[in-house]
Each structure stands twice: as structure tokens, then as C-alpha cells.
Amino acid sequence: MNIETISIPVNDDESVSGILATPVTANANTRTGLVFAHGMANDMNHPTIKDVAEGLTAQGFTTLRFNFPYREKGRRSADPEHKLIQAWKSAVDFLAQKTDNSLTTLVAVGKSLGARIASTAAANGDIHPDRLIFLGYPLHAPGRKDSPRDAHLYNIKTPMLFFEGTRDPFCDLDLLATVLERLCAPRALEIIEGGDHSFILPKSDPRTDRDVHDQVIRKCVEWLHSQG
């Protein structure tokens, strides 16, 4: 694959880093582009994001992963929501320009914070993805199932694929099931058995991180193909 480190303008005086990966040989997947955003305490080089993005590029998809501005500056506290949404919009626009608008399908992929902001931006019409993939949706804060972050999800018409670990303190699976039942858009759920919020398994589990990431890649490809 071809990998390029790029700079994405977010506003007149600020840019963030990104990594664009394109397949060497075109196939039926090449006109689908996936943009990846990271979680609160990590960046675009988080192993899950990196492995899944590169694994999908190996399957022929074009992928772009990017940093939010606060992580670009080395900070741990997230930017205000409007600034995170602007970064998402800038990354999506950059991919369209970089590929000369040749992509026919845009997929927004987010891990945790990146998933919440992608879904919020899609619900508000700030970005217009054809598909949404959530690598661990933060449905609620740990121990706060009484305050779910779900209201905007019911305004989304875009098909959604959720990946969730059975040990994720940010997403009670029973609560998620009730949310999925109420969604207007087509939705699918892939369970990572034993996975935490980053899909990390217990030490006693014989599976490796690569095994889990391969599961995610396979499901993404299967689901994207099923959506046409």
C-alpha cells in the first residue's frame, strides 16, 4: 500500500496531522474511503485504529486517519465539541479533495470520542457519511447508565455498525440493545467477547490483539459489502 503523512487544515491558522493510505492495485473496494478518528486518551496511531485502517487498505479501501487538534498539541483534555466537529469536517473534505472526488462511498469510523463526535456531526448534518462504524461507542460514562449519550443517534438515517467489547465500562450491552431497537437507521452489532473499551482481552485469553483486529477488519468488509 501507499502511505502518506499529510497535514489537514482545520482553520486559517491550525492544521492537524493525518495518514492517508491507498491501495497499490485498484479493486471493487477502492472507491470507498474510510476516515478514522481516535479516542480521548490516544491518537491516530492507536494500535486498533492503525491495524484496522491498514488492514482495510490491504483489502483495497482508501483510508485516512487523523488527529484531533488537542492531541496534535500533545494535550490530554479534549477540545470543545464544535472544534472536534470542525476537525472531522476538515478531514472528510480533505479526503474528497485528495482523491479528486472519485470516491463513491464515504465511511466515518470513530473510536470512543471519535465515534461520539462522528455520530453527532452526522446527526447535525455537519458531515454526510454514507456509513458509520463505531469502534467502541461510549454510550455512557462508567457507572452512569442512567445518563446515556443516545439522543442524537435517533436522528441518524445512515447505516451504522457498532463494535463493542463485553467488558467495556462505557457501554452496557443490555442498554445498547434497547438503543439499537429504537434506531431509525439500519444497524448491526459485532461483539468482541472479553474485550474492554479498546478491545483488549484478559491475559488469560489465548487470542492476540491481532486476532481481535482481524475480526474487526473481516466484519467491516463483510458489512460494507452487504450495504452495497
# chains A, B, ... in the order shown; residues from 1 in each chain; ligands from 1
>>> residues_around(residues="A:His213", least_positions_apart="2", cutoff="12 Å", atoms="only C-alpha atoms", output="short mmCIF file (atom, residue, chain, number, x, y, z; two decimals) with N, CA and C atoms, in the first residue's frame")
data_model
loop_
_atom_site.label_atom_id
_atom_site.label_comp_id
_atom_site.auth_asym_id
_atom_site.auth_seq_id
_atom_site.Cartn_x
_atom_site.Cartn_y
_atom_site.Cartn_z
N HIS A 46 -3.08 4.84 17.55
CA HIS A 46 -3.54 3.78 18.45
C HIS A 46 -3.56 2.46 17.69
N PRO A 47 -3.08 1.38 18.30
CA PRO A 47 -2.96 0.11 17.57
C PRO A 47 -4.23 -0.37 16.88
N THR A 48 -5.38 -0.20 17.53
CA THR A 48 -6.62 -0.64 16.89
C THR A 48 -6.89 0.15 15.62
N ILE A 49 -6.78 1.47 15.71
CA ILE A 49 -7.04 2.32 14.54
C ILE A 49 -6.03 2.03 13.44
N LYS A 50 -4.76 1.96 13.80
CA LYS A 50 -3.71 1.73 12.80
C LYS A 50 -3.90 0.38 12.12
N ASP A 51 -4.09 -0.68 12.91
CA ASP A 51 -4.20 -2.02 12.33
C ASP A 51 -5.45 -2.16 11.46
N VAL A 52 -6.57 -1.63 11.94
CA VAL A 52 -7.81 -1.76 11.17
C VAL A 52 -7.73 -0.95 9.89
N ALA A 53 -7.22 0.27 9.97
CA ALA A 53 -7.09 1.10 8.76
C ALA A 53 -6.18 0.43 7.74
N GLU A 54 -5.02 -0.03 8.18
CA GLU A 54 -4.09 -0.66 7.25
C GLU A 54 -4.64 -1.99 6.73
N GLY A 55 -5.36 -2.71 7.58
CA GLY A 55 -5.96 -3.96 7.13
C GLY A 55 -7.01 -3.73 6.06
N LEU A 56 -7.77 -2.66 6.19
CA LEU A 56 -8.78 -2.34 5.18
C LEU A 56 -8.13 -1.84 3.90
N LEU A 135 -15.97 1.97 16.72
CA LEU A 135 -15.04 1.03 17.36
C LEU A 135 -15.08 1.25 18.87
N PHE A 163 -19.12 -1.92 17.09
CA PHE A 163 -18.26 -2.94 17.69
C PHE A 163 -18.20 -2.65 19.19
N ILE A 192 -17.18 -8.12 20.67
CA ILE A 192 -15.82 -8.57 20.91
C ILE A 192 -15.82 -9.26 22.27
N GLY A 195 -13.55 -8.33 25.33
CA GLY A 195 -12.87 -7.07 25.06
C GLY A 195 -13.29 -5.95 25.99
N SER A 198 -11.10 -0.75 24.61
CA SER A 198 -10.17 -0.75 23.47
C SER A 198 -10.01 -2.14 22.87
N PHE A 199 -10.95 -3.03 23.22
CA PHE A 199 -10.96 -4.42 22.72
C PHE A 199 -9.78 -5.24 23.24
N ILE A 200 -9.16 -4.79 24.32
CA ILE A 200 -8.07 -5.55 24.93
C ILE A 200 -8.66 -6.70 25.74
N LEU A 201 -8.09 -7.88 25.59
CA LEU A 201 -8.61 -9.09 26.20
C LEU A 201 -7.91 -9.37 27.53
N ARG A 207 -6.38 -15.50 22.59
CA ARG A 207 -6.37 -14.66 21.39
C ARG A 207 -5.42 -13.47 21.56
N THR A 208 -4.87 -13.02 20.45
CA THR A 208 -3.97 -11.87 20.45
C THR A 208 -4.72 -10.61 20.01
N ASP A 209 -4.07 -9.45 20.20
CA ASP A 209 -4.64 -8.21 19.68
C ASP A 209 -4.87 -8.32 18.18
N ARG A 210 -3.94 -8.93 17.48
CA ARG A 210 -4.07 -9.09 16.03
C ARG A 210 -5.30 -9.92 15.69
N ASP A 211 -5.58 -10.96 16.47
CA ASP A 211 -6.78 -11.77 16.23
C ASP A 211 -8.03 -10.90 16.32
N GLN A 215 -10.67 -9.74 13.35
CA GLN A 215 -12.12 -9.91 13.46
C GLN A 215 -12.83 -8.62 13.05
N VAL A 216 -12.32 -7.50 13.52
CA VAL A 216 -12.91 -6.20 13.18
C VAL A 216 -12.82 -5.95 11.68
N ILE A 217 -11.66 -6.22 11.10
CA ILE A 217 -11.47 -6.00 9.66
C ILE A 217 -12.43 -6.86 8.86
N ARG A 218 -12.51 -8.14 9.20
CA ARG A 218 -13.40 -9.06 8.46
C ARG A 218 -14.84 -8.58 8.52
N LYS A 219 -15.28 -8.18 9.71
CA LYS A 219 -16.67 -7.74 9.85
C LYS A 219 -16.91 -6.44 9.09
N CYS A 220 -15.97 -5.52 9.12
CA CYS A 220 -16.12 -4.27 8.36
C CYS A 220 -16.30 -4.57 6.87
#
>>> closest_atom_pairs(of="stretch 92-193 of chain A", to="stretch 65-87 of chain A", cutoff="8 Å", atoms="only C-alpha atoms", output="tab-separated table")
residue	atom	partner	partner_atom	distance
A:Ile117	CA	A:Ile85	CA	6.3
A:Ala118	CA	A:Ile85	CA	7.4
A:Ala121	CA	A:Ile85	CA	6.0
A:Asp126	CA	A:Ile85	CA	7.4
>>> residues_around(residues="A:Asp172", least_positions_apart="3", cutoff="10 Å", atoms="only C-alpha atoms", output="mmCIF file with N, CA and C atoms, in the first residue's frame")
data_model
loop_
_atom_site.group_PDB
_atom_site.id
_atom_site.type_symbol
_atom_site.label_atom_id
_atom_site.label_comp_id
_atom_site.auth_asym_id
_atom_site.auth_seq_id
_atom_site.Cartn_x
_atom_site.Cartn_y
_atom_site.Cartn_z
ATOM 1 N N PRO A 138 -19.017 5.169 23.194
ATOM 2 C CA PRO A 138 -19.114 5.498 24.630
ATOM 3 C C PRO A 138 -20.549 5.874 24.997
ATOM 4 N N LEU A 139 -21.379 4.866 25.183
ATOM 5 C CA LEU A 139 -22.802 5.108 25.407
ATOM 6 C C LEU A 139 -23.068 5.846 26.717
ATOM 7 N N HIS A 140 -22.204 5.654 27.688
ATOM 8 C CA HIS A 140 -22.364 6.324 28.983
ATOM 9 C C HIS A 140 -21.013 6.349 29.693
ATOM 10 N N PRO A 142 -18.562 5.467 32.811
ATOM 11 C CA PRO A 142 -18.556 4.296 33.694
ATOM 12 C C PRO A 142 -19.431 4.503 34.929
ATOM 13 N N GLY A 143 -20.335 3.551 35.155
ATOM 14 C CA GLY A 143 -21.227 3.634 36.304
ATOM 15 C C GLY A 143 -22.383 4.594 36.145
ATOM 16 N N ARG A 144 -22.563 5.151 34.937
ATOM 17 C CA ARG A 144 -23.618 6.158 34.716
ATOM 18 C C ARG A 144 -24.586 5.719 33.622
ATOM 19 N N LYS A 145 -25.111 4.523 33.743
ATOM 20 C CA LYS A 145 -26.063 4.033 32.745
ATOM 21 C C LYS A 145 -27.344 4.862 32.724
ATOM 22 N N PRO A 148 -27.398 8.077 29.429
ATOM 23 C CA PRO A 148 -26.838 7.613 28.149
ATOM 24 C C PRO A 148 -26.669 8.748 27.146
ATOM 25 N N GLU A 164 -18.486 -3.650 20.003
ATOM 26 C CA GLU A 164 -18.473 -3.433 21.451
ATOM 27 C C GLU A 164 -17.874 -4.637 22.166
ATOM 28 N N GLY A 165 -17.041 -4.364 23.158
ATOM 29 C CA GLY A 165 -16.469 -5.409 23.989
ATOM 30 C C GLY A 165 -17.383 -5.749 25.150
ATOM 31 N N THR A 166 -17.366 -6.997 25.571
ATOM 32 C CA THR A 166 -18.241 -7.419 26.668
ATOM 33 C C THR A 166 -17.776 -6.892 28.021
ATOM 34 N N ARG A 167 -16.553 -6.369 28.106
ATOM 35 C CA ARG A 167 -16.045 -5.807 29.368
ATOM 36 C C ARG A 167 -15.914 -4.286 29.305
ATOM 37 N N ASP A 168 -16.626 -3.659 28.388
ATOM 38 C CA ASP A 168 -16.499 -2.214 28.201
ATOM 39 C C ASP A 168 -17.301 -1.463 29.262
ATOM 40 N N PRO A 169 -16.654 -0.718 30.161
ATOM 41 C CA PRO A 169 -17.390 0.017 31.194
ATOM 42 C C PRO A 169 -18.137 1.229 30.649
ATOM 43 N N LEU A 175 -28.215 -2.104 27.774
ATOM 44 C CA LEU A 175 -28.678 -0.758 27.441
ATOM 45 C C LEU A 175 -28.499 -0.490 25.957
ATOM 46 N N LEU A 176 -27.367 -0.907 25.401
ATOM 47 C CA LEU A 176 -27.146 -0.719 23.971
ATOM 48 C C LEU A 176 -28.215 -1.429 23.159
ATOM 49 N N ALA A 177 -28.631 -2.611 23.583
ATOM 50 C CA ALA A 177 -29.656 -3.360 22.853
ATOM 51 C C ALA A 177 -30.957 -2.566 22.764
#
>>> residues_around(residues="stretch 27-29 of chain A", least_positions_apart="4", cutoff="12 Å", atoms="only C-alpha atoms", output="PyMOL selection string")
chain A and resi 22-23+33-34+56-63+103-106+220-222+224-225+228
>>> closest_residue(among="A:Phe94, A:Asn101, A:Val10, A:Pro129", to="A:Arg31", atoms="only C-alpha atoms")
A:Asn101
>>> residues_around(residues="A:Thr120", least_positions_apart="4", cutoff="12 Å", atoms="only C-alpha atoms", output="PyMOL selection string")
chain A and resi 81-82+84-86+88-89+108+110+113-116+124-129+132+137+149-156
>>> select_by_dssp(residues="stretch 13-124 of chain A", states="alpha helix (DSSP H)", output="JSON, numbers by chain")
{"A": [47, 48, 49, 50, 51, 52, 53, 54, 55, 56, 57, 58, 69, 70, 71, 72, 81, 82, 83, 84, 85, 86, 87, 88, 89, 90, 91, 92, 93, 94, 95, 96, 97, 98, 113, 114, 115, 116, 117, 118, 119, 120, 121, 122, 123, 124]}
>>> atom_distance(atom1="atom CA of A:Ile6", atom2="atom CA of A:Val24")
18.1 Å
>>> closest_residue(among="A:Gly194, A:Thr25, A:Ser7, A:Ser102", to="A:Pro206", atoms="only C-alpha atoms")
A:Gly194
>>> closest_residue(among="A:Met44, A:Glu190, A:Arg182, A:Met160", to="A:Val16", atoms="only C-alpha atoms")
A:Met44
>>> atom_distance(atom1="atom CA of A:Ala21", atom2="atom CA of A:Gly136")
22.7 Å
>>> residues_around(residues="A:Pro159", least_positions_apart="3", cutoff="6 Å", atoms="only C-alpha atoms", output="ChimeraX atom specification")
/A:131,185-187
>>> select_by_dssp(residues="stretch 121-220 of chain A", states="strand (DSSP E)", output="list in words")
Arg131, Leu132, Ile133, Phe134, Leu135, Met160, Leu161, Phe162, Phe163, Glu164, Gly165, Arg187, Ala188, Leu189, Glu190, Ile191 and Ile192 of chain A
>>> atom_distance(atom1="atom CA of A:Ala188", atom2="atom CA of A:His38")
21.0 Å
